[in-house]
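Engineer: Hey, dropping final-v7.tsv in here, TSV, C-alpha atoms and all ligand atoms:
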chain	number	residue	atom	x	y	z
A	636	MET	CA	-62.74	-15.01	23.15
A	637	SER	CA	-63.59	-17.28	20.21
A	638	LYS	CA	-66.06	-16.55	17.44
A	639	SER	CA	-68.43	-19.18	18.76
A	640	GLU	CA	-68.83	-17.38	22.09
A	641	SER	CA	-72.49	-17.17	23.03
A	642	GLU	CA	-74.41	-13.91	22.89
A	643	ALA	CA	-74.84	-13.91	26.66
A	644	ASP	CA	-71.08	-14.36	27.16
A	645	LEU	CA	-70.36	-11.48	24.76
A	646	VAL	CA	-72.81	-9.23	26.60
A	647	ALA	CA	-71.11	-10.13	29.89
A	648	VAL	CA	-67.64	-9.32	28.52
A	649	GLY	CA	-68.90	-6.05	27.02
A	650	GLY	CA	-70.45	-5.17	30.36
A	651	LYS	CA	-67.10	-5.77	32.03
A	652	PHE	CA	-64.64	-4.08	29.65
A	653	LEU	CA	-66.47	-1.35	27.77
A	654	TYR	CA	-66.60	2.01	29.52
A	655	PRO	CA	-70.07	2.08	31.06
A	656	ASN	CA	-71.23	5.43	29.67
A	657	TYR	CA	-73.91	3.75	27.54
A	658	ARG	CA	-76.89	1.55	28.35
A	659	GLN	CA	-76.90	-1.22	25.73
A	660	PRO	CA	-79.64	-3.86	25.82
A	661	PRO	CA	-78.51	-7.47	26.35
A	662	PHE	CA	-78.04	-8.65	22.78
A	663	VAL	CA	-75.41	-8.25	20.07
A	664	ILE	CA	-76.32	-7.18	16.57
A	665	VAL	CA	-74.34	-9.00	13.91
A	666	ARG	CA	-75.95	-8.24	10.56
A	667	GLY	CA	-78.28	-5.90	8.70
A	668	LYS	CA	-80.06	-5.57	5.37
A	669	GLY	CA	-82.02	-2.48	4.39
A	670	SER	CA	-84.05	-1.50	7.46
A	671	GLU	CA	-83.70	-4.87	9.18
A	672	LEU	CA	-81.13	-6.05	11.73
A	673	TRP	CA	-80.46	-9.45	13.27
A	674	ASP	CA	-78.84	-10.28	16.57
A	675	LYS	CA	-76.45	-13.15	17.26
A	676	GLY	CA	-79.31	-15.32	18.46
A	677	GLY	CA	-81.10	-14.85	15.12
A	678	LYS	CA	-83.81	-12.45	16.31
A	679	ARG	CA	-84.91	-9.91	13.69
A	680	TYR	CA	-85.45	-6.22	14.45
A	681	LEU	CA	-87.06	-3.52	12.37
A	682	ASP	CA	-84.61	-0.60	12.47
A	683	MET	CA	-86.45	2.70	12.90
A	684	HIS	CA	-83.44	4.04	14.79
A	685	GLY	CA	-80.99	4.08	11.85
A	686	GLY	CA	-77.91	4.34	14.09
A	687	ILE	CA	-79.24	7.72	15.40
A	688	ALA	CA	-80.23	9.08	11.99
A	689	VAL	CA	-77.06	7.87	10.27
A	690	SER	CA	-77.84	4.83	8.09
A	691	THR	CA	-79.04	6.83	5.09
A	692	LEU	CA	-78.99	3.89	2.65
A	693	GLY	CA	-79.90	1.27	5.25
A	694	HIS	CA	-77.67	-1.67	6.01
A	695	GLY	CA	-75.65	-3.47	3.36
A	696	HIS	CA	-76.62	-1.23	0.45
A	697	PRO	CA	-74.72	-2.78	-2.49
A	698	LYS	CA	-73.50	0.55	-3.91
A	699	LEU	CA	-72.14	1.70	-0.55
A	700	VAL	CA	-70.54	-1.68	0.16
A	701	ALA	CA	-68.94	-1.73	-3.30
A	702	ALA	CA	-67.67	1.86	-3.04
A	703	ILE	CA	-66.04	1.18	0.33
A	704	ALA	CA	-64.44	-2.06	-0.87
A	705	ALA	CA	-63.18	-0.51	-4.11
A	706	GLN	CA	-61.71	2.53	-2.37
A	707	ALA	CA	-60.11	0.39	0.36
A	708	ALA	CA	-58.33	-1.54	-2.36
A	709	GLU	CA	-56.99	1.69	-3.91
A	710	VAL	CA	-55.99	3.85	-0.96
A	711	ILE	CA	-57.66	4.32	2.45
A	712	HIS	CA	-55.74	7.20	3.95
A	713	LEU	CA	-53.27	9.88	2.89
A	714	SER	CA	-53.79	12.89	5.21
A	715	ASN	CA	-54.48	16.36	3.90
A	716	TYR	CA	-50.86	16.77	2.82
A	717	PHE	CA	-52.11	15.40	-0.51
A	718	TYR	CA	-55.21	15.72	-2.67
A	719	ASN	CA	-57.36	12.65	-3.14
A	720	GLU	CA	-59.89	12.20	-5.91
A	721	PRO	CA	-63.07	11.25	-4.01
A	722	ASN	CA	-62.55	14.11	-1.55
A	723	ILE	CA	-62.25	16.69	-4.34
A	724	GLN	CA	-65.39	15.31	-5.98
A	725	LEU	CA	-67.24	15.29	-2.66
A	726	ALA	CA	-66.38	18.92	-1.89
A	727	GLN	CA	-67.64	20.00	-5.30
A	728	ARG	CA	-70.81	17.92	-4.95
A	729	LEU	CA	-71.66	19.21	-1.47
A	730	CYS	CA	-71.08	22.82	-2.43
A	731	GLY	CA	-73.48	22.31	-5.35
A	732	LEU	CA	-76.13	20.74	-3.11
A	733	THR	CA	-75.94	23.35	-0.35
A	734	GLY	CA	-75.13	26.63	-2.13
A	735	MET	CA	-71.91	26.93	-0.15
A	736	ALA	CA	-68.48	27.68	-1.66
A	737	ARG	CA	-66.01	25.68	0.46
A	738	ALA	CA	-66.02	22.38	2.38
A	739	PHE	CA	-63.80	21.38	5.31
A	740	PHE	CA	-63.87	17.69	6.27
A	741	CYS	CA	-63.53	16.02	9.64
A	742	ASN	CA	-64.82	12.86	11.33
A	743	SER	CA	-67.90	13.57	13.43
A	744	GLY	CA	-70.62	16.05	14.15
A	745	ALA	CA	-68.91	17.51	17.20
A	746	GLU	CA	-65.78	18.09	15.17
A	747	ALA	CA	-67.76	19.82	12.41
A	748	MET	CA	-69.26	22.03	15.13
A	749	GLU	CA	-65.81	22.88	16.48
A	750	GLY	CA	-64.72	23.88	12.98
A	751	MET	CA	-67.77	26.10	12.58
A	752	LEU	CA	-67.34	27.78	15.98
A	753	LYS	CA	-63.65	28.38	15.31
A	754	LEU	CA	-64.53	29.81	11.89
A	755	ALA	CA	-66.93	32.30	13.50
A	756	ARG	CA	-64.42	33.45	16.12
A	757	ARG	CA	-61.53	33.72	13.72
A	758	HIS	CA	-63.64	35.64	11.20
A	759	PHE	CA	-64.13	38.50	13.65
A	760	PHE	CA	-60.57	38.24	14.94
A	761	ASP	CA	-59.41	38.82	11.36
A	762	LYS	CA	-61.71	41.82	11.13
A	763	GLY	CA	-59.99	43.36	14.15
A	764	GLN	CA	-62.78	42.40	16.58
A	765	PRO	CA	-61.15	39.77	18.82
A	766	ASP	CA	-63.73	40.33	21.58
A	767	ARG	CA	-66.54	39.39	19.26
A	768	TYR	CA	-66.81	35.69	20.04
A	769	ARG	CA	-70.13	35.13	21.82
A	770	ILE	CA	-72.59	32.70	20.24
A	771	VAL	CA	-76.35	32.90	20.67
A	772	ALA	CA	-77.80	29.39	20.77
A	773	PHE	CA	-80.94	27.72	22.10
A	774	ASP	CA	-82.32	26.00	25.15
A	775	SER	CA	-82.80	22.25	24.57
A	776	SER	CA	-80.31	22.26	21.69
A	777	PHE	CA	-77.70	19.58	21.14
A	778	HIS	CA	-74.47	20.25	19.25
A	779	GLY	CA	-72.08	17.57	20.49
A	780	ARG	CA	-69.91	16.50	23.39
A	781	THR	CA	-66.55	18.20	22.83
A	782	LEU	CA	-66.05	21.27	24.99
A	783	GLY	CA	-66.84	23.87	22.31
A	784	ALA	CA	-69.88	21.99	21.02
A	785	LEU	CA	-70.93	21.29	24.60
A	786	ALA	CA	-70.73	24.99	25.47
A	787	ALA	CA	-73.20	25.55	22.62
A	788	THR	CA	-75.47	22.71	23.80
A	789	GLY	CA	-78.41	24.05	25.79
A	790	GLN	CA	-79.23	21.08	28.02
A	791	LYS	CA	-78.15	20.64	31.63
A	792	LYS	CA	-78.00	16.85	31.44
A	793	TYR	CA	-75.13	17.01	28.93
A	794	ARG	CA	-73.30	19.97	30.51
A	795	GLU	CA	-73.39	19.10	34.19
A	796	GLY	CA	-69.98	18.64	35.74
A	797	PHE	CA	-68.00	19.64	32.65
A	798	GLY	CA	-67.86	23.40	33.14
A	799	PRO	CA	-66.92	26.11	32.84
A	800	LEU	CA	-68.46	26.27	29.37
A	801	PRO	CA	-68.35	29.96	28.52
A	802	GLY	CA	-69.08	32.10	25.50
A	803	VAL	CA	-72.66	31.07	24.68
A	804	THR	CA	-76.00	32.64	25.56
A	805	HIS	CA	-79.00	30.29	25.38
A	806	VAL	CA	-82.49	31.57	24.67
A	807	PRO	CA	-85.83	29.76	24.20
A	808	TYR	CA	-86.10	27.97	20.83
A	809	GLY	CA	-88.57	29.62	18.51
A	810	ASP	CA	-88.51	32.95	20.38
A	811	ALA	CA	-87.23	35.61	17.95
A	812	ALA	CA	-87.72	38.40	20.49
A	813	ALA	CA	-85.43	36.56	22.92
A	814	VAL	CA	-82.81	36.21	20.17
A	815	ARG	CA	-82.99	39.95	19.52
A	816	GLY	CA	-82.63	40.59	23.25
A	817	ALA	CA	-79.50	38.45	23.42
A	818	MET	CA	-77.74	40.16	20.51
A	819	GLY	CA	-74.94	42.65	21.10
A	820	PRO	CA	-71.69	43.88	19.54
A	821	ASP	CA	-69.85	40.85	20.97
A	822	VAL	CA	-72.03	38.27	19.16
A	823	ALA	CA	-70.19	36.40	16.42
A	824	GLY	CA	-72.99	34.08	15.38
A	825	ILE	CA	-76.45	32.62	15.88
A	826	LEU	CA	-76.32	28.83	16.00
A	827	PHE	CA	-79.44	26.74	15.47
A	828	GLU	CA	-80.82	23.32	14.53
A	829	PRO	CA	-83.69	23.52	12.00
A	830	ILE	CA	-85.33	20.74	14.04
A	831	GLN	CA	-83.97	20.13	17.54
A	832	GLY	CA	-83.25	16.42	17.28
A	833	GLU	CA	-81.90	15.33	20.65
A	834	GLY	CA	-84.04	17.99	22.30
A	835	GLY	CA	-87.13	15.94	21.43
A	836	VAL	CA	-87.63	16.37	17.66
A	837	LEU	CA	-88.85	19.97	17.95
A	838	PRO	CA	-89.30	21.67	14.57
A	839	ALA	CA	-88.65	25.41	14.35
A	840	PRO	CA	-91.90	27.39	14.15
A	841	ALA	CA	-92.74	28.53	10.58
A	842	GLY	CA	-90.79	31.64	9.66
A	843	PHE	CA	-88.39	31.39	12.61
A	844	ILE	CA	-85.31	30.44	10.58
A	845	GLY	CA	-85.93	33.31	8.16
A	846	GLU	CA	-86.21	35.60	11.17
A	847	LEU	CA	-82.84	34.34	12.45
A	848	ARG	CA	-81.34	35.19	9.05
A	849	ARG	CA	-82.72	38.74	9.33
A	850	ILE	CA	-81.51	39.21	12.91
A	851	ALA	CA	-78.01	37.95	12.04
A	852	ASP	CA	-77.87	40.34	9.08
A	853	GLU	CA	-79.09	43.30	11.12
A	854	HIS	CA	-76.24	42.73	13.60
A	855	GLY	CA	-73.55	41.71	11.14
A	856	ALA	CA	-73.35	38.31	12.86
A	857	LEU	CA	-73.02	34.93	11.16
A	858	LEU	CA	-75.91	32.49	10.81
A	859	LEU	CA	-74.63	29.01	11.64
A	860	ALA	CA	-76.81	25.98	10.87
A	861	ASP	CA	-76.31	22.65	12.60
A	862	GLU	CA	-77.73	20.23	9.98
A	863	ILE	CA	-75.92	17.25	11.47
A	864	GLN	CA	-79.17	15.40	12.23
A	865	THR	CA	-81.48	17.10	9.73
A	866	GLY	CA	-79.26	17.18	6.63
A	867	ILE	CA	-78.67	14.66	3.80
A	868	GLY	CA	-82.33	14.42	2.87
A	869	ARG	CA	-83.71	13.37	6.25
A	870	THR	CA	-86.52	15.93	6.33
A	871	GLY	CA	-87.49	15.64	2.66
A	872	LYS	CA	-85.05	18.18	1.22
A	873	PHE	CA	-81.27	17.87	1.11
A	874	LEU	CA	-81.01	20.44	3.92
A	875	ALA	CA	-83.82	21.27	6.33
A	876	VAL	CA	-83.15	25.03	5.90
A	877	GLN	CA	-84.13	24.60	2.24
A	878	HIS	CA	-87.78	24.17	3.32
A	879	GLU	CA	-87.61	27.81	4.44
A	880	GLY	CA	-85.46	29.06	1.55
A	881	VAL	CA	-82.80	30.26	3.99
A	882	VAL	CA	-79.07	30.15	3.23
A	883	PRO	CA	-76.85	30.25	6.32
A	884	ASP	CA	-73.27	31.57	6.30
A	885	ALA	CA	-71.89	28.21	7.37
A	886	LEU	CA	-73.34	24.80	8.14
A	887	ALA	CA	-72.30	21.53	9.75
A	888	LEU	CA	-73.02	18.05	8.39
A	889	ALA	CA	-72.10	14.58	9.70
A	890	LYS	CA	-74.26	11.56	10.64
A	891	GLY	CA	-75.89	10.39	7.39
A	892	LEU	CA	-73.35	11.89	4.99
A	893	ALA	CA	-71.36	8.70	4.46
A	894	GLY	CA	-74.12	6.27	5.44
A	895	GLY	CA	-72.34	5.10	8.61
A	896	VAL	CA	-68.67	5.61	7.79
A	897	PRO	CA	-67.46	8.32	10.20
A	898	ILE	CA	-67.37	11.75	8.55
A	899	GLY	CA	-68.13	15.38	9.34
A	900	ALA	CA	-68.15	18.46	7.17
A	901	MET	CA	-68.27	22.21	7.70
A	902	LEU	CA	-69.31	24.21	4.66
A	903	CYS	CA	-69.18	27.97	4.31
A	904	LYS	CA	-69.84	30.84	1.94
A	905	ALA	CA	-67.10	32.32	-0.24
A	906	GLU	CA	-66.79	35.36	2.08
A	907	LEU	CA	-65.40	33.06	4.78
A	908	GLU	CA	-62.92	31.13	2.66
A	909	GLY	CA	-59.87	33.03	3.87
A	910	VAL	CA	-60.62	32.71	7.58
A	911	LEU	CA	-58.82	29.43	8.27
A	912	PRO	CA	-55.52	29.56	6.34
A	913	PRO	CA	-53.10	26.58	6.24
A	914	GLY	CA	-52.00	25.60	9.72
A	915	SER	CA	-54.90	27.26	11.54
A	916	HIS	CA	-57.23	24.24	11.61
A	917	GLY	CA	-57.13	20.64	10.46
A	918	SER	CA	-57.79	16.97	11.08
A	919	THR	CA	-55.57	13.94	10.39
A	920	PHE	CA	-58.36	11.70	9.14
A	921	GLY	CA	-60.60	14.47	7.76
A	922	GLY	CA	-61.51	14.03	4.10
A	923	ASN	CA	-59.85	10.64	3.83
A	924	PRO	CA	-60.49	8.75	0.58
A	925	LEU	CA	-62.47	5.96	2.25
A	926	ALA	CA	-65.05	8.18	3.97
A	927	SER	CA	-65.20	10.47	0.94
A	928	ALA	CA	-65.88	7.55	-1.43
A	929	ALA	CA	-68.62	6.34	0.93
A	930	ALA	CA	-70.19	9.81	0.98
A	931	LEU	CA	-70.08	10.01	-2.81
A	932	ALA	CA	-71.85	6.65	-2.98
A	933	VAL	CA	-74.54	7.97	-0.60
A	934	LEU	CA	-75.05	11.16	-2.62
A	935	GLY	CA	-75.08	9.18	-5.86
A	936	ALA	CA	-77.72	6.77	-4.56
A	937	LEU	CA	-79.85	9.61	-3.13
A	938	GLU	CA	-80.22	10.91	-6.65
A	939	ALA	CA	-80.21	7.72	-8.72
A	940	GLU	CA	-82.77	5.97	-6.49
A	941	SER	CA	-84.99	9.02	-5.82
A	942	ILE	CA	-84.45	8.53	-2.10
A	943	ILE	CA	-85.50	12.04	-1.09
A	944	GLU	CA	-88.84	11.36	-2.80
A	945	ASN	CA	-89.06	8.21	-0.68
A	946	VAL	CA	-88.44	10.32	2.44
A	947	GLN	CA	-91.34	12.58	1.46
A	948	ALA	CA	-93.71	9.66	0.81
A	949	ARG	CA	-92.75	7.55	3.85
A	950	GLY	CA	-92.58	10.72	5.96
A	951	ALA	CA	-96.18	11.56	5.06
A	952	GLU	CA	-97.25	8.02	6.06
A	953	LEU	CA	-95.37	8.34	9.32
A	954	THR	CA	-96.93	11.75	10.06
A	955	GLN	CA	-100.40	10.32	9.42
A	956	GLY	CA	-99.72	7.10	11.34
A	957	LEU	CA	-98.16	8.73	14.38
A	958	GLY	CA	-100.96	11.32	14.46
A	959	ASP	CA	-103.52	8.48	14.44
A	960	LEU	CA	-101.64	6.68	17.22
A	961	ALA	CA	-101.45	9.88	19.28
A	962	ARG	CA	-105.26	10.22	19.08
A	963	LYS	CA	-105.95	6.53	19.67
A	964	HIS	CA	-103.61	6.23	22.66
A	965	GLU	CA	-104.09	9.68	24.14
A	966	ARG	CA	-103.88	8.18	27.61
A	967	TRP	CA	-100.16	7.61	27.00
A	968	VAL	CA	-99.29	10.00	24.17
A	969	SER	CA	-99.40	13.80	24.28
A	970	THR	CA	-98.55	14.60	20.65
A	971	SER	CA	-96.62	13.63	17.53
A	972	ARG	CA	-94.25	15.92	15.62
A	973	GLY	CA	-91.36	16.12	13.20
A	974	MET	CA	-90.78	16.10	9.50
A	975	GLY	CA	-89.89	13.55	6.83
A	976	LEU	CA	-88.08	10.66	8.46
A	977	LEU	CA	-87.27	12.50	11.69
A	978	GLN	CA	-90.38	12.25	13.81
A	979	ALA	CA	-91.42	11.54	17.37
A	980	LEU	CA	-94.38	10.23	19.29
A	981	VAL	CA	-94.23	12.20	22.53
A	982	LEU	CA	-95.33	10.33	25.64
A	983	ARG	CA	-97.15	12.08	28.46
A	984	ASP	CA	-95.28	13.17	31.59
A	985	GLY	CA	-95.04	10.29	33.99
A	986	VAL	CA	-95.14	7.55	31.33
A	987	ASP	CA	-92.06	5.36	31.61
A	988	ALA	CA	-90.48	6.03	28.18
A	989	ARG	CA	-87.62	3.59	28.76
A	990	GLY	CA	-90.08	0.89	29.72
A	991	VAL	CA	-92.03	1.49	26.49
A	992	LEU	CA	-88.77	1.44	24.50
A	993	GLU	CA	-87.91	-1.93	26.04
A	994	LYS	CA	-91.32	-3.39	25.20
A	995	LEU	CA	-90.98	-2.17	21.60
A	996	ARG	CA	-87.57	-3.81	21.42
A	997	GLU	CA	-88.97	-7.07	22.71
A	998	ALA	CA	-91.60	-6.81	19.97
A	999	GLY	CA	-88.79	-6.39	17.41
A	1000	LEU	CA	-88.79	-2.63	16.87
A	1001	LEU	CA	-85.71	-0.46	17.43
A	1002	ILE	CA	-86.23	3.25	18.03
A	1003	SER	CA	-84.67	5.75	20.45
A	1004	ILE	CA	-85.75	8.35	22.98
A	1005	ALA	CA	-85.25	12.03	22.17
A	1006	GLY	CA	-85.83	14.67	24.80
A	1007	ALA	CA	-87.48	13.45	28.00
A	1008	SER	CA	-90.14	11.27	26.43
A	1009	GLY	CA	-90.10	11.41	22.62
A	1010	LEU	CA	-90.11	8.03	20.89
A	1011	ARG	CA	-87.94	9.05	17.95
A	1012	PHE	CA	-88.27	7.50	14.50
A	1013	SER	CA	-85.16	8.10	12.36
A	1014	PRO	CA	-85.09	5.07	10.03
A	1015	PRO	CA	-82.90	4.53	6.99
A	1016	LEU	CA	-84.09	6.85	4.21
A	1017	VAL	CA	-84.72	3.77	2.05
A	1018	VAL	CA	-87.33	2.41	4.48
A	1019	ARG	CA	-90.22	0.77	2.63
A	1020	ARG	CA	-93.95	1.49	2.91
A	1021	GLU	CA	-94.70	-1.91	4.49
A	1022	GLU	CA	-91.91	-1.38	7.04
A	1023	VAL	CA	-93.37	1.95	8.15
A	1024	ALA	CA	-96.75	0.21	8.45
A	1025	GLU	CA	-95.18	-2.66	10.43
A	1026	ALA	CA	-93.49	-0.22	12.83
A	1027	LEU	CA	-96.74	1.66	13.41
A	1028	ALA	CA	-98.57	-1.62	14.04
A	1029	ILE	CA	-95.98	-2.68	16.64
A	1030	VAL	CA	-96.29	0.67	18.43
A	1031	ASP	CA	-100.10	0.39	18.31
A	1032	ARG	CA	-100.04	-3.12	19.82
A	1033	THR	CA	-97.46	-2.16	22.44
A	1034	LEU	CA	-99.29	0.97	23.61
A	1035	GLY	CA	-102.54	-1.00	23.54
A	1036	SER	CA	-101.06	-3.59	25.91
A	1037	LEU	CA	-99.84	-1.11	28.55
A	1038	PRO	CA	-101.56	-1.75	31.87
A	1101	LIG	C1	-77.76	18.35	15.84
A	1101	LIG	C2	-76.54	17.60	16.27
A	1101	LIG	N1	-75.36	18.26	16.33
A	1101	LIG	C3	-74.23	17.63	16.70
A	1101	LIG	C4	-74.23	16.29	17.03
A	1101	LIG	C5	-72.94	15.63	17.44
A	1101	LIG	O1	-72.57	14.70	16.49
A	1101	LIG	P1	-71.50	13.55	16.84
A	1101	LIG	O2	-72.17	12.62	17.81
A	1101	LIG	O3	-71.20	12.90	15.53
A	1101	LIG	O4	-70.32	14.23	17.43
A	1101	LIG	C6	-75.42	15.58	16.99
A	1101	LIG	C7	-75.47	14.17	17.39
A	1101	LIG	O5	-76.49	13.65	17.79
A	1101	LIG	C8	-76.61	16.25	16.59
A	1101	LIG	O6	-77.79	15.61	16.55
Kindly return the structure encoded in the file as C-alpha cells.
Structural biologist:
Amino acid sequence: MSKSESEADLVAVGGKFLYPNYRQPPFVIVRGKGSELWDKGGKRYLDMHGGIAVSTLGHGHPKLVAAIAAQAAEVIHLSNYFYNEPNIQLAQRLCGLTGMARAFFCNSGAEAMEGMLKLARRHFFDKGQPDRYRIVAFDSSFHGRTLGALAATGQKKYREGFGPLPGVTHVPYGDAAAVRGAMGPDVAGILFEPIQGEGGVLPAPAGFIGELRRIADEHGALLLADEIQTGIGRTGKFLAVQHEGVVPDALALAKGLAGGVPIGAMLCKAELEGVLPPGSHGSTFGGNPLASAAALAVLGALEAESIIENVQARGAELTQGLGDLARKHERWVSTSRGMGLLQALVLRDGVDARGVLEKLREAGLLISIAGASGLRFSPPLVVRREEVAEALAIVDRTLGSLP
C-alpha cells in the first residue's frame, strides 16, 4: 500500500487485516496538536478522549517530542541488566511524588497490576502464610485484561469466557460493611480504584478510601491502589488518593505517565522492598530509557507549566458545564459526575449511547463511553478553557437535536 492510498482504502484494509476486537470509526487519524486531531481527509476533531486518559501533555507537545528524539539518539533500550540514567531519575521522582520508597517499571497498566498482585501474594508467602492470597476488590471495577488483572476486574463483560479467574472476592463499591464482611485470614490485599473509570466514572464516596485503609490495617492486609486512570494529575492532584490523605501500601500507574509512550509502574512502601528479589519478577522493556525519558518530560512539564492547576480550573468548568447540560437535557441525561479532567455525562437507560457518540464524532468531538452509558471526558491535561467550552457547546447542540 502506498502513502497516497485514500482514507477509505486504508479503512478497508484495516477492516480486513486487523484483529476485529475493536470498533474503530471509518477514518484514519494522522496528526495532532494540543487537544486537536486531524484525519487523513483533513477533518478536525476536538480530543476530549485523550487516548483513554493517556495524552497528558496533548499531542505534539514540544518538550515531550524533544525528549523522545534526544533519548532515541542516545540509547533506546538496554534491558534491566544495566542501569540507565532517565530510569533512575524517574524512580526517584515518582517516589517523591507518591510517598512510596521503590518503583518497578513495566509497559502497561495490566502489567503494573500483575506486579502489584504478585507483590501482595509473595509478601505473605515470605511471612510463612502461603495460603494468604485472596484479594478483595469491587463490582464494576476494571484492572486490565491479563488473567491476574482480569480476575480482579469486577465486570462480567470483560470476564466472560476467560475463566476460571479465581482468588478475588468482589463486593459493592463504596460499601465498607461489605468489605469488612469479605475480610478473613486469607486476604492479602484490598484493591481499589479511587474513581472507577471504565465502570462509568464512579468516584468513591467521601471517606470510603480512608475506611479501606483502616480495614486493611485492622486485618494486617495490604491496601493496593489502582491509579492507572486517576493518577498523574488527572483528578487535580498527582494521585487521586491524595484528595483523601490516604497512603496505600502499593500503587499502580500507567496511562498518562509517559504521555502516550507505553509505560507502567508499580510503586511500594519500604516495608515491601525485599519481596521481589532478583529473578522473581521482571520485564524486558520495563524502565527502558526511551519511555523513562518521556515520563520525565511529562513530570517536568506538569510542574513547569502548572498543569495540575489547569486540571483544577478546567475541571471546575467541566463540572459546572456538564451539570448544566444534565439539567437542560434531563430527558436524555440522568446525571453528571467525576473529578478534575475525568468526568462523565451519564445518559438515561434506553438512550442509545453509541448513537450519541457517533453524532458527537460527526460534529467533531471525540469522547468515549464508560460503563453502560457514561459519555466520558478525559481530555489532555493541557486542554484550554475555550476547548472545554467548545466541547460543551457541541454536546449541547447534539443532545438538543436528538429526536
Ligand atoms: C483503572 C485501570 N486499571 C488498569 C487498566 C489497564 O491498563 P492497560 O490497558 O494499560 O493494560 C486500565 C485501563 O483502562 C484502567 O483504567
Engineer: May I ask which of the residues A:Cys741, A:Ala841, A:Val700, A:Leu982 is the closest one to ligand LIG 1101 (chain A), counting all atoms listed in the file?
Structural biologist: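 That would be A:Cys741, the residue with the smallest distance to ligand LIG 1101 (chain A).
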Engineer: Report the distance between CA of Phe827 in chain A and CA of Thr781 in chain A in Å, rounded to one decimal place.
Structural biologist: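 Pair CA of Phe827 in chain A / CA of Thr781 in chain A returns 17.1 Å.
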Engineer: Hey, can you check how far CA of Glu828 in chain A sits from CA of Asn945 in chain A?
Structural biologist: 23.0 Å
Engineer: I'd like the interatomic distance between CA of Gly789 in chain A and CA of Pro807 in chain A, to a tenth of an Å.
Structural biologist: 9.5 Å
Engineer: Within 9 Å of Leu1000 in chain A, counting all atoms listed in the file, which residues show up once you throw out same-chain ones fewer than 6 positions away? Write them as a ChimeraX atom specification, please.
Structural biologist: /A:679-684,992,994,1026,1029-1030
Engineer: List all protein, DNA and RNA residues that have an atom no more than 8 Å from any atom of ligand LIG 1101 (chain A), counting all atoms listed in the file, and report them as a ChimeraX atom specification.
Structural biologist: /A:687,742-748,776-781,784,828,831-833,861-865,887,889-890,897,899
Engineer: From the set A:Leu713, A:Ala875, A:Cys903, A:Ala647, which residue has the shortest atom-to-atom contact distance to Pro838 in chain A, counting only C-alpha atoms?
Structural biologist: A:Ala875
Engineer: Determine, counting all atoms listed in the file, which protein, DNA and RNA residues have an atom within 6 Å of an atom of range 1001-1015 of chain A; residues of the same chain fewer than 6 positions away are not included. Present the result as a list in words.
Structural biologist: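 Contacts, in chain order: Asp682, Met683, His684, Gly685, Ala688, Ser690, Thr691, Leu692, Gly693, Glu833, Gly834, Gly835, Leu976, Leu977, Gln978, Ala979, Leu980, Val981, Leu982 and Ala988 of chain A.
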Engineer: If you count only C-alpha atoms, which residues fall within 10 Å of His694 in chain A, apart from same-chain ones fewer than 5 positions away, as a list in words?
Structural biologist: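 Using only C-alpha atoms, the neighbours found are Arg666, Gly667, Lys668, Gly669, Ser670, Glu671, Leu672, Asp682, Gly685, Leu699, Val700, Gly894, Gly895, Pro1015 and Val1017 of chain A.
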Engineer: With all atoms listed in the file as the atoms that count, which of A:Gly802, A:Gly649, A:Gly868, A:Gly921 lies nearest to Val933 in chain A?
Structural biologist: A:Gly868
Engineer: Counting all atoms listed in the file, which residue out of A:Leu1027, A:Arg989, A:Ala928, A:Ala961 sits closest to Asn719 in chain A?
Structural biologist: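 Once distances to Asn719 in chain A are computed over all atoms listed in the file, the minimum belongs to A:Ala928.
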Engineer: Neighbours of Val814 in chain A within 12 Å (all atoms listed in the file; same-chain residues fewer than 6 positions away dropped), as a PDB file with C-alpha atoms, in the coordinates of the input?
Structural biologist:
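Writing the result to result06.pdb gives the following:
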ATOM      1  CA  ILE A 770     -72.590  32.700  20.240  1.00  0.00           C
ATOM      2  CA  VAL A 771     -76.350  32.900  20.670  1.00  0.00           C
ATOM      3  CA  ALA A 772     -77.800  29.390  20.770  1.00  0.00           C
ATOM      4  CA  PHE A 773     -80.940  27.720  22.100  1.00  0.00           C
ATOM      5  CA  ASP A 774     -82.320  26.000  25.150  1.00  0.00           C
ATOM      6  CA  THR A 804     -76.000  32.640  25.560  1.00  0.00           C
ATOM      7  CA  HIS A 805     -79.000  30.290  25.380  1.00  0.00           C
ATOM      8  CA  VAL A 806     -82.490  31.570  24.670  1.00  0.00           C
ATOM      9  CA  PRO A 807     -85.830  29.760  24.200  1.00  0.00           C
ATOM     10  CA  TYR A 808     -86.100  27.970  20.830  1.00  0.00           C
ATOM     11  CA  VAL A 822     -72.030  38.270  19.160  1.00  0.00           C
ATOM     12  CA  GLY A 824     -72.990  34.080  15.380  1.00  0.00           C
ATOM     13  CA  ILE A 825     -76.450  32.620  15.880  1.00  0.00           C
ATOM     14  CA  LEU A 826     -76.320  28.830  16.000  1.00  0.00           C
ATOM     15  CA  PHE A 827     -79.440  26.740  15.470  1.00  0.00           C
ATOM     16  CA  PHE A 843     -88.390  31.390  12.610  1.00  0.00           C
ATOM     17  CA  ILE A 844     -85.310  30.440  10.580  1.00  0.00           C
ATOM     18  CA  GLU A 846     -86.210  35.600  11.170  1.00  0.00           C
ATOM     19  CA  LEU A 847     -82.840  34.340  12.450  1.00  0.00           C
ATOM     20  CA  ARG A 848     -81.340  35.190   9.050  1.00  0.00           C
ATOM     21  CA  ARG A 849     -82.720  38.740   9.330  1.00  0.00           C
ATOM     22  CA  ILE A 850     -81.510  39.210  12.910  1.00  0.00           C
ATOM     23  CA  ALA A 851     -78.010  37.950  12.040  1.00  0.00           C
ATOM     24  CA  HIS A 854     -76.240  42.730  13.600  1.00  0.00           C
TER      25      HIS A 854
END
Engineer: Using all atoms listed in the file, list the residues that have an atom at most 9 Å from (-64.0, 28.1, -3.7), coordinates as in the file, as number ranges by chain.
Structural biologist: A: 730, 735-738, 904-905, 908
Engineer: Counting only C-alpha atoms, which of A:Leu925, A:Ala787, A:Leu902, A:Leu725 gets nearest to His712 in chain A?
Structural biologist: A:Leu925
Engineer: Using all atoms listed in the file, which of the listed residues (A:Leu785, A:Leu858, A:Val910, A:Gly842) sits closest to Glu879 in chain A?
Structural biologist: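 The closest residue to Glu879 in chain A is A:Gly842.
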Engineer: Hey, what's within 10 Å of Pro924 in chain A if we count only C-alpha atoms and toss same-chain stuff fewer than 2 positions away? As a PyMOL selection string, please?
Structural biologist: chain A and resi 703+706-707+709-714+718-723+725+920-922+926-930
